[in-house]
>>> print(open('start-v3.cif').read())   # mmCIF, C-alpha atoms
data_run
#
loop_
_atom_site.group_PDB
_atom_site.id
_atom_site.type_symbol
_atom_site.label_atom_id
_atom_site.label_comp_id
_atom_site.auth_asym_id
_atom_site.auth_seq_id
_atom_site.Cartn_x
_atom_site.Cartn_y
_atom_site.Cartn_z
ATOM 1 C CA MET A 1 -270.064 43.575 -73.372
ATOM 2 C CA ALA A 2 -270.839 43.273 -77.081
ATOM 3 C CA ASP A 3 -271.992 46.907 -77.149
ATOM 4 C CA ASP A 4 -268.744 47.969 -75.466
ATOM 5 C CA GLU A 5 -266.719 46.077 -78.069
ATOM 6 C CA THR A 6 -268.702 47.644 -80.919
ATOM 7 C CA ALA A 7 -268.216 51.119 -79.458
ATOM 8 C CA ARG A 8 -264.473 50.529 -79.073
ATOM 9 C CA VAL A 9 -264.138 49.319 -82.649
ATOM 10 C CA MET A 10 -266.141 52.206 -84.086
ATOM 11 C CA THR A 11 -264.269 54.819 -82.029
ATOM 12 C CA SER A 12 -260.867 53.649 -83.246
ATOM 13 C CA LEU A 13 -261.862 52.689 -86.787
ATOM 14 C CA GLY A 14 -261.062 55.965 -88.540
ATOM 15 C CA GLY A 15 -257.528 56.077 -87.200
ATOM 16 C CA ARG A 16 -257.077 52.395 -87.988
ATOM 17 C CA LEU A 17 -258.152 52.866 -91.599
ATOM 18 C CA ARG A 18 -255.694 55.749 -91.961
ATOM 19 C CA ALA A 19 -252.853 53.736 -90.379
ATOM 20 C CA ILE A 20 -253.454 50.756 -92.680
ATOM 21 C CA ARG A 21 -253.508 52.980 -95.762
ATOM 22 C CA GLN A 22 -250.336 54.800 -94.733
ATOM 23 C CA ALA A 23 -248.553 51.525 -93.871
ATOM 24 C CA ARG A 24 -249.180 50.424 -97.439
ATOM 25 C CA GLY A 25 -247.846 53.700 -98.819
ATOM 26 C CA LEU A 26 -251.137 54.643 -100.499
ATOM 27 C CA THR A 27 -252.537 58.129 -101.007
ATOM 28 C CA LEU A 28 -256.240 58.797 -100.632
ATOM 29 C CA ALA A 29 -256.426 59.187 -104.414
ATOM 30 C CA GLN A 30 -254.775 55.810 -105.009
ATOM 31 C CA LEU A 31 -257.051 54.080 -102.520
ATOM 32 C CA GLY A 32 -260.060 55.814 -104.063
ATOM 33 C CA ALA A 33 -259.090 54.513 -107.500
ATOM 34 C CA ALA A 34 -258.723 50.982 -106.111
ATOM 35 C CA THR A 35 -262.027 50.968 -104.222
ATOM 36 C CA GLY A 36 -264.300 53.303 -106.169
ATOM 37 C CA ILE A 37 -264.827 55.364 -103.011
ATOM 38 C CA SER A 38 -264.404 59.116 -103.420
ATOM 39 C CA VAL A 39 -261.420 60.849 -101.839
ATOM 40 C CA SER A 40 -263.708 63.099 -99.798
ATOM 41 C CA THR A 41 -265.585 60.084 -98.387
ATOM 42 C CA LEU A 42 -262.318 58.286 -97.554
ATOM 43 C CA SER A 43 -261.077 61.412 -95.801
ATOM 44 C CA ARG A 44 -264.264 61.653 -93.718
ATOM 45 C CA LEU A 45 -264.088 57.951 -92.845
ATOM 46 C CA GLU A 46 -260.492 58.294 -91.641
ATOM 47 C CA SER A 47 -261.232 61.426 -89.621
ATOM 48 C CA GLY A 48 -264.256 59.822 -87.962
ATOM 49 C CA GLN A 49 -266.666 62.343 -89.471
ATOM 50 C CA ARG A 50 -268.525 59.550 -91.266
ATOM 51 C CA GLU A 51 -269.405 56.084 -90.004
ATOM 52 C CA PRO A 52 -268.493 53.399 -92.548
ATOM 53 C CA GLY A 53 -270.975 50.850 -93.821
ATOM 54 C CA LEU A 54 -270.421 47.541 -95.580
ATOM 55 C CA ARG A 55 -270.406 49.335 -98.947
ATOM 56 C CA HIS A 56 -267.226 51.072 -97.731
ATOM 57 C CA LEU A 57 -265.628 48.310 -95.658
ATOM 58 C CA LEU A 58 -265.881 45.495 -98.185
ATOM 59 C CA PRO A 59 -264.001 47.315 -100.977
ATOM 60 C CA LEU A 60 -261.441 48.562 -98.436
ATOM 61 C CA ALA A 61 -260.860 45.016 -97.157
ATOM 62 C CA ARG A 62 -260.422 43.789 -100.744
ATOM 63 C CA ALA A 63 -258.022 46.617 -101.611
ATOM 64 C CA HIS A 64 -255.893 45.955 -98.514
ATOM 65 C CA ARG A 65 -256.182 42.149 -98.874
ATOM 66 C CA LEU A 66 -257.356 41.814 -95.271
ATOM 67 C CA PRO A 67 -260.222 39.862 -93.695
ATOM 68 C CA LEU A 68 -263.010 42.195 -92.628
ATOM 69 C CA ASP A 69 -262.479 41.581 -88.904
ATOM 70 C CA GLU A 70 -258.789 42.442 -89.284
ATOM 71 C CA LEU A 71 -259.594 45.613 -91.192
ATOM 72 C CA VAL A 72 -261.865 46.903 -88.440
ATOM 73 C CA GLY A 73 -259.786 45.535 -85.550
ATOM 74 C CA SER A 74 -262.522 43.267 -84.227
ATOM 75 C CA ARG A 75 -261.534 40.056 -82.473
ATOM 76 C CA THR A 76 -263.779 37.059 -83.090
ATOM 77 C CA GLY A 77 -262.359 35.078 -80.176
ATOM 78 C CA ASP A 78 -260.662 32.604 -82.511
ATOM 79 C CA PRO A 79 -256.893 32.777 -81.790
ATOM 80 C CA ARG A 80 -255.932 30.682 -84.803
ATOM 81 C CA VAL A 81 -253.936 32.263 -87.597
ATOM 82 C CA HIS A 82 -254.707 30.911 -91.063
ATOM 83 C CA PRO A 83 -251.477 31.453 -92.998
ATOM 84 C CA ARG A 84 -251.476 31.826 -96.761
ATOM 85 C CA PRO A 85 -248.091 30.677 -98.022
ATOM 86 C CA PHE A 86 -246.385 32.725 -100.713
ATOM 87 C CA THR A 87 -243.103 32.504 -102.586
ATOM 88 C CA ARG A 88 -240.453 35.231 -102.604
ATOM 89 C CA HIS A 89 -236.805 35.025 -103.752
ATOM 90 C CA GLY A 90 -237.199 31.260 -104.262
ATOM 91 C CA GLN A 91 -238.354 30.721 -100.669
ATOM 92 C CA THR A 92 -241.736 29.629 -99.336
ATOM 93 C CA TRP A 93 -243.019 31.946 -96.597
ATOM 94 C CA LEU A 94 -245.757 30.969 -94.125
ATOM 95 C CA PRO A 95 -246.986 33.935 -92.042
ATOM 96 C CA LEU A 96 -247.327 33.067 -88.349
ATOM 97 C CA THR A 97 -248.697 36.402 -87.162
ATOM 98 C CA ARG A 98 -252.151 37.774 -87.822
ATOM 99 C CA ASN A 99 -251.470 41.368 -88.833
ATOM 100 C CA PRO A 100 -248.287 42.124 -90.823
ATOM 101 C CA ASN A 101 -248.643 45.860 -90.119
ATOM 102 C CA ASP A 102 -248.264 45.736 -86.328
ATOM 103 C CA GLY A 103 -245.018 45.144 -84.436
ATOM 104 C CA LEU A 104 -242.952 42.035 -85.080
ATOM 105 C CA HIS A 105 -243.631 39.793 -88.068
ATOM 106 C CA ALA A 106 -243.131 36.032 -87.688
ATOM 107 C CA TYR A 107 -242.712 33.581 -90.549
ATOM 108 C CA LYS A 108 -241.745 29.998 -91.175
ATOM 109 C CA GLN A 109 -239.495 29.972 -94.235
ATOM 110 C CA ILE A 110 -238.468 27.064 -96.431
ATOM 111 C CA LEU A 111 -235.654 27.038 -98.972
ATOM 112 C CA PRO A 112 -235.509 23.983 -101.240
ATOM 113 C CA ALA A 113 -232.415 21.883 -101.701
ATOM 114 C CA PRO A 114 -229.948 23.390 -104.214
ATOM 115 C CA PRO A 115 -229.562 21.637 -107.589
ATOM 116 C CA GLU A 116 -225.935 20.892 -106.707
ATOM 117 C CA ALA A 117 -223.795 21.039 -103.584
ATOM 118 C CA ARG A 118 -222.108 24.318 -102.682
ATOM 119 C CA THR A 119 -218.363 24.539 -103.275
ATOM 120 C CA GLU A 120 -215.716 27.166 -102.589
ATOM 121 C CA TRP A 121 -216.442 28.537 -106.086
ATOM 122 C CA THR A 122 -220.196 28.914 -105.530
ATOM 123 C CA PRO A 123 -221.047 32.655 -105.413
ATOM 124 C CA ARG A 124 -222.090 34.104 -102.075
ATOM 125 C CA PRO A 125 -225.794 34.841 -101.688
ATOM 126 C CA GLU A 126 -226.976 38.235 -102.904
ATOM 127 C CA GLN A 127 -227.014 40.599 -99.926
ATOM 128 C CA GLY A 128 -229.370 43.386 -98.969
ATOM 129 C CA SER A 129 -229.426 45.958 -96.174
ATOM 130 C CA HIS A 130 -232.304 47.953 -94.689
ATOM 131 C CA GLU A 131 -233.622 49.348 -91.431
ATOM 132 C CA GLY A 132 -234.801 46.770 -88.925
ATOM 133 C CA HIS A 133 -233.789 43.716 -86.915
ATOM 134 C CA GLU A 134 -234.059 39.985 -87.590
ATOM 135 C CA TRP A 135 -233.975 36.793 -85.553
ATOM 136 C CA ILE A 136 -233.557 33.313 -87.109
ATOM 137 C CA TYR A 137 -234.076 29.869 -85.567
ATOM 138 C CA VAL A 138 -233.230 26.882 -87.783
ATOM 139 C CA LEU A 139 -235.690 23.983 -87.563
ATOM 140 C CA SER A 140 -234.041 21.576 -90.008
ATOM 141 C CA GLY A 141 -231.306 21.521 -92.620
ATOM 142 C CA ARG A 142 -228.317 23.855 -92.898
ATOM 143 C CA LEU A 143 -228.694 27.579 -93.544
ATOM 144 C CA LEU A 144 -225.874 29.759 -94.875
ATOM 145 C CA LEU A 145 -226.100 33.296 -93.515
ATOM 146 C CA ALA A 146 -223.807 35.708 -95.364
ATOM 147 C CA LEU A 147 -223.605 38.535 -92.818
ATOM 148 C CA GLY A 148 -221.308 41.355 -93.848
ATOM 149 C CA ASP A 149 -217.967 39.721 -94.711
ATOM 150 C CA HIS A 150 -218.707 36.601 -92.646
ATOM 151 C CA ASP A 151 -220.293 33.331 -93.779
ATOM 152 C CA LEU A 152 -222.060 31.461 -90.975
ATOM 153 C CA VAL A 153 -223.623 28.010 -91.355
ATOM 154 C CA LEU A 154 -226.511 27.428 -88.946
ATOM 155 C CA SER A 155 -227.789 23.911 -88.220
ATOM 156 C CA ALA A 156 -231.022 22.742 -86.586
ATOM 157 C CA GLY A 157 -231.442 24.301 -83.144
ATOM 158 C CA GLU A 158 -229.086 27.223 -83.805
ATOM 159 C CA THR A 159 -230.139 30.861 -83.674
ATOM 160 C CA ALA A 160 -228.876 34.130 -85.132
ATOM 161 C CA GLU A 161 -229.838 37.707 -84.317
ATOM 162 C CA PHE A 162 -228.633 40.714 -86.287
ATOM 163 C CA ASP A 163 -229.195 44.314 -87.267
ATOM 164 C CA THR A 164 -230.519 44.311 -90.843
ATOM 165 C CA ARG A 165 -228.507 47.427 -91.692
ATOM 166 C CA VAL A 166 -225.586 44.973 -92.007
ATOM 167 C CA PRO A 167 -225.590 43.527 -95.555
ATOM 168 C CA HIS A 168 -226.977 40.003 -95.381
ATOM 169 C CA GLY A 169 -228.202 37.157 -97.538
ATOM 170 C CA ILE A 170 -229.086 33.500 -97.147
ATOM 171 C CA ALA A 171 -228.662 30.254 -99.043
ATOM 172 C CA ASN A 172 -229.172 26.553 -98.480
ATOM 173 C CA ALA A 173 -225.854 25.172 -97.238
ATOM 174 C CA GLY A 174 -226.878 21.502 -97.417
ATOM 175 C CA ASP A 175 -228.404 18.963 -99.760
ATOM 176 C CA GLN A 176 -231.870 18.930 -98.141
ATOM 177 C CA PRO A 177 -234.507 21.679 -97.803
ATOM 178 C CA VAL A 178 -233.786 24.065 -94.943
ATOM 179 C CA GLU A 179 -236.592 25.329 -92.718
ATOM 180 C CA TRP A 180 -236.377 28.129 -90.186
ATOM 181 C CA LEU A 181 -238.461 30.511 -88.119
ATOM 182 C CA ALA A 182 -237.812 34.207 -88.616
ATOM 183 C CA LEU A 183 -238.891 37.230 -86.604
ATOM 184 C CA TYR A 184 -238.592 40.603 -88.290
ATOM 185 C CA GLY A 185 -238.620 43.985 -86.620
ATOM 186 C CA ALA A 186 -239.978 47.112 -88.282
ATOM 187 C CA GLN A 187 -239.442 46.968 -92.058
ATOM 188 C CA GLY A 188 -237.379 43.815 -91.553
ATOM 189 C CA GLU A 189 -238.836 41.906 -94.496
ATOM 190 C CA ARG A 190 -238.236 44.714 -96.993
ATOM 191 C CA MET A 191 -235.057 44.792 -99.046
ATOM 192 C CA HIS A 192 -234.355 48.475 -99.689
ATOM 193 C CA VAL A 193 -230.706 48.431 -100.704
ATOM 194 C CA ARG A 194 -228.946 45.766 -102.735
ATOM 195 C CA VAL A 195 -225.191 45.323 -102.412
ATOM 196 C CA GLN A 196 -222.804 43.337 -104.560
ATOM 197 C CA PRO A 197 -221.596 40.051 -103.000
ATOM 198 C CA ALA A 198 -217.883 40.011 -102.278
ATOM 199 C CA GLY A 199 -215.789 38.307 -104.913
ATOM 200 C CA SER A 200 -218.278 38.731 -107.767
#
>>> encode(input="start-v3.cif", output="structure tokens")
Amino acid sequence: MADDETARVMTSLGGRLRAIRQARGLTLAQLGAATGISVSTLSRLESGQREPGLRHLLPLARAHRLPLDELVGSRTGDPRVHPRPFTRHGQTWLPLTRNPNDGLHAYKQILPAPPEARTEWTPRPEQGSHEGHEWIYVLSGRLLLALGDHDLVLSAGETAEFDTRVPHGIANAGDQPVEWLALYGAQGERMHVRVQPAGS
């Protein structure tokens, strides 16, 4: 069984390395500069003409910021995901899925309490639009979703689903931190186009 798993991993590894590089928008030259591996060697690794060793895989894993088993597509049998929180746009993001390059992306997101309560004069959240789809489930607090021309306040237990081509933005609508689960479709966490909030 172990030999079968090794054979499967090695057979698919070249294509996997290419897919990871392309998903990150890197050229062979850029990846070569980041890893110290020549472009010709990277090309042969991706085409399956050369079998990679640790001297190739370790710098590739570092460059892509992936654990080695994720880079090669090997499953260790441990189903746990070890999230590394990060901050973006004033929010804390906790990844809930193992590989951010495949299919849906799941996150727990936390937005701290605002310094002062929202009023009718508080500007709407900055909105963005991009390809993809998003689902939100509020765990606690109150989340303001500015979706197109509509402002929706979601409380704990409420859900929203929307096409991310519609301009959208979020803000904390309460006086406590707001926490929610978010599922993003393809490219759903990328903000490609910024639009001006209405009334600003």
>>> residues_around(input="start-v3.cif", residues="Gly185 of chain A", least_positions_apart="5", cutoff="10 Å", atoms="only C-alpha atoms", output="short mmCIF file (atom, residue, chain, number, x, y, z; two decimals) with C-alpha atoms, in the coordinates of the input")
data_model
loop_
_atom_site.label_atom_id
_atom_site.label_comp_id
_atom_site.auth_asym_id
_atom_site.auth_seq_id
_atom_site.Cartn_x
_atom_site.Cartn_y
_atom_site.Cartn_z
CA ASP A 102 -248.26 45.74 -86.33
CA GLY A 103 -245.02 45.14 -84.44
CA LEU A 104 -242.95 42.04 -85.08
CA HIS A 105 -243.63 39.79 -88.07
CA ALA A 106 -243.13 36.03 -87.69
CA GLU A 131 -233.62 49.35 -91.43
CA GLY A 132 -234.80 46.77 -88.92
CA HIS A 133 -233.79 43.72 -86.92
CA GLU A 134 -234.06 39.98 -87.59
CA TRP A 135 -233.98 36.79 -85.55
CA ASP A 163 -229.20 44.31 -87.27
CA THR A 164 -230.52 44.31 -90.84
#
>>> residues_around(input="start-v3.cif", residues="Ala117 of chain A", least_positions_apart="4", cutoff="9 Å", atoms="all atoms listed in the file", output="PyMOL selection string")
chain A and resi 113+122+173-175
>>> atom_distance(input="start-v3.cif", atom1="atom CA of Arg50 of chain A", atom2="atom CA of Leu28 of chain A")
15.5 Å
>>> atom_distance(input="start-v3.cif", atom1="atom CA of Pro52 of chain A", atom2="atom CA of Leu26 of chain A")
19.1 Å
>>> closest_residue(input="start-v3.cif", among="A:His64, A:Arg55, A:Arg165, A:Arg88", to="Leu17 of chain A", atoms="only C-alpha atoms")
A:His64
>>> atom_distance(input="start-v3.cif", atom1="atom CA of Asn172 of chain A", atom2="atom CA of Leu111 of chain A")
6.5 Å
>>> closest_residue(input="start-v3.cif", among="A:Leu60, A:Val138, A:Leu147, A:Leu54", to="Gln30 of chain A", atoms="all atoms listed in the file")
A:Leu60
>>> closest_residue(input="start-v3.cif", among="A:Ala61, A:Leu71, A:Ile37, A:Ala146", to="His168 of chain A", atoms="only C-alpha atoms")
A:Ala146
>>> residues_near_point(input="start-v3.cif", point="(-238.9, 26.4, -95.0)", cutoff="7 Å", atoms="only C-alpha atoms", output="list in words")
Thr92, Lys108, Gln109, Ile110, Leu111, Val178, Glu179 and Trp180 of chain A
>>> closest_residue(input="start-v3.cif", among="A:Met10, A:Arg24, A:Leu96, A:Arg84", to="Val72 of chain A", atoms="all atoms listed in the file")
A:Met10
>>> closest_residue(input="start-v3.cif", among="A:Glu51, A:Ser38, A:Tyr184, A:Leu31", to="Ser12 of chain A", atoms="all atoms listed in the file")
A:Glu51
>>> closest_residue(input="start-v3.cif", among="A:Arg21, A:Pro167, A:Glu161, A:Arg142", to="Leu66 of chain A", atoms="only C-alpha atoms")
A:Arg21
>>> residues_around(input="start-v3.cif", residues="Pro125 of chain A", least_positions_apart="3", cutoff="8 Å", atoms="all atoms listed in the file", output="CSV table (one decimal) with C-alpha atoms, in the frame of the given file")
chain,number,residue,atom,x,y,z
A,146,ALA,CA,-223.8,35.7,-95.4
A,169,GLY,CA,-228.2,37.2,-97.5
A,170,ILE,CA,-229.1,33.5,-97.1
A,171,ALA,CA,-228.7,30.3,-99.0
A,197,PRO,CA,-221.6,40.1,-103.0
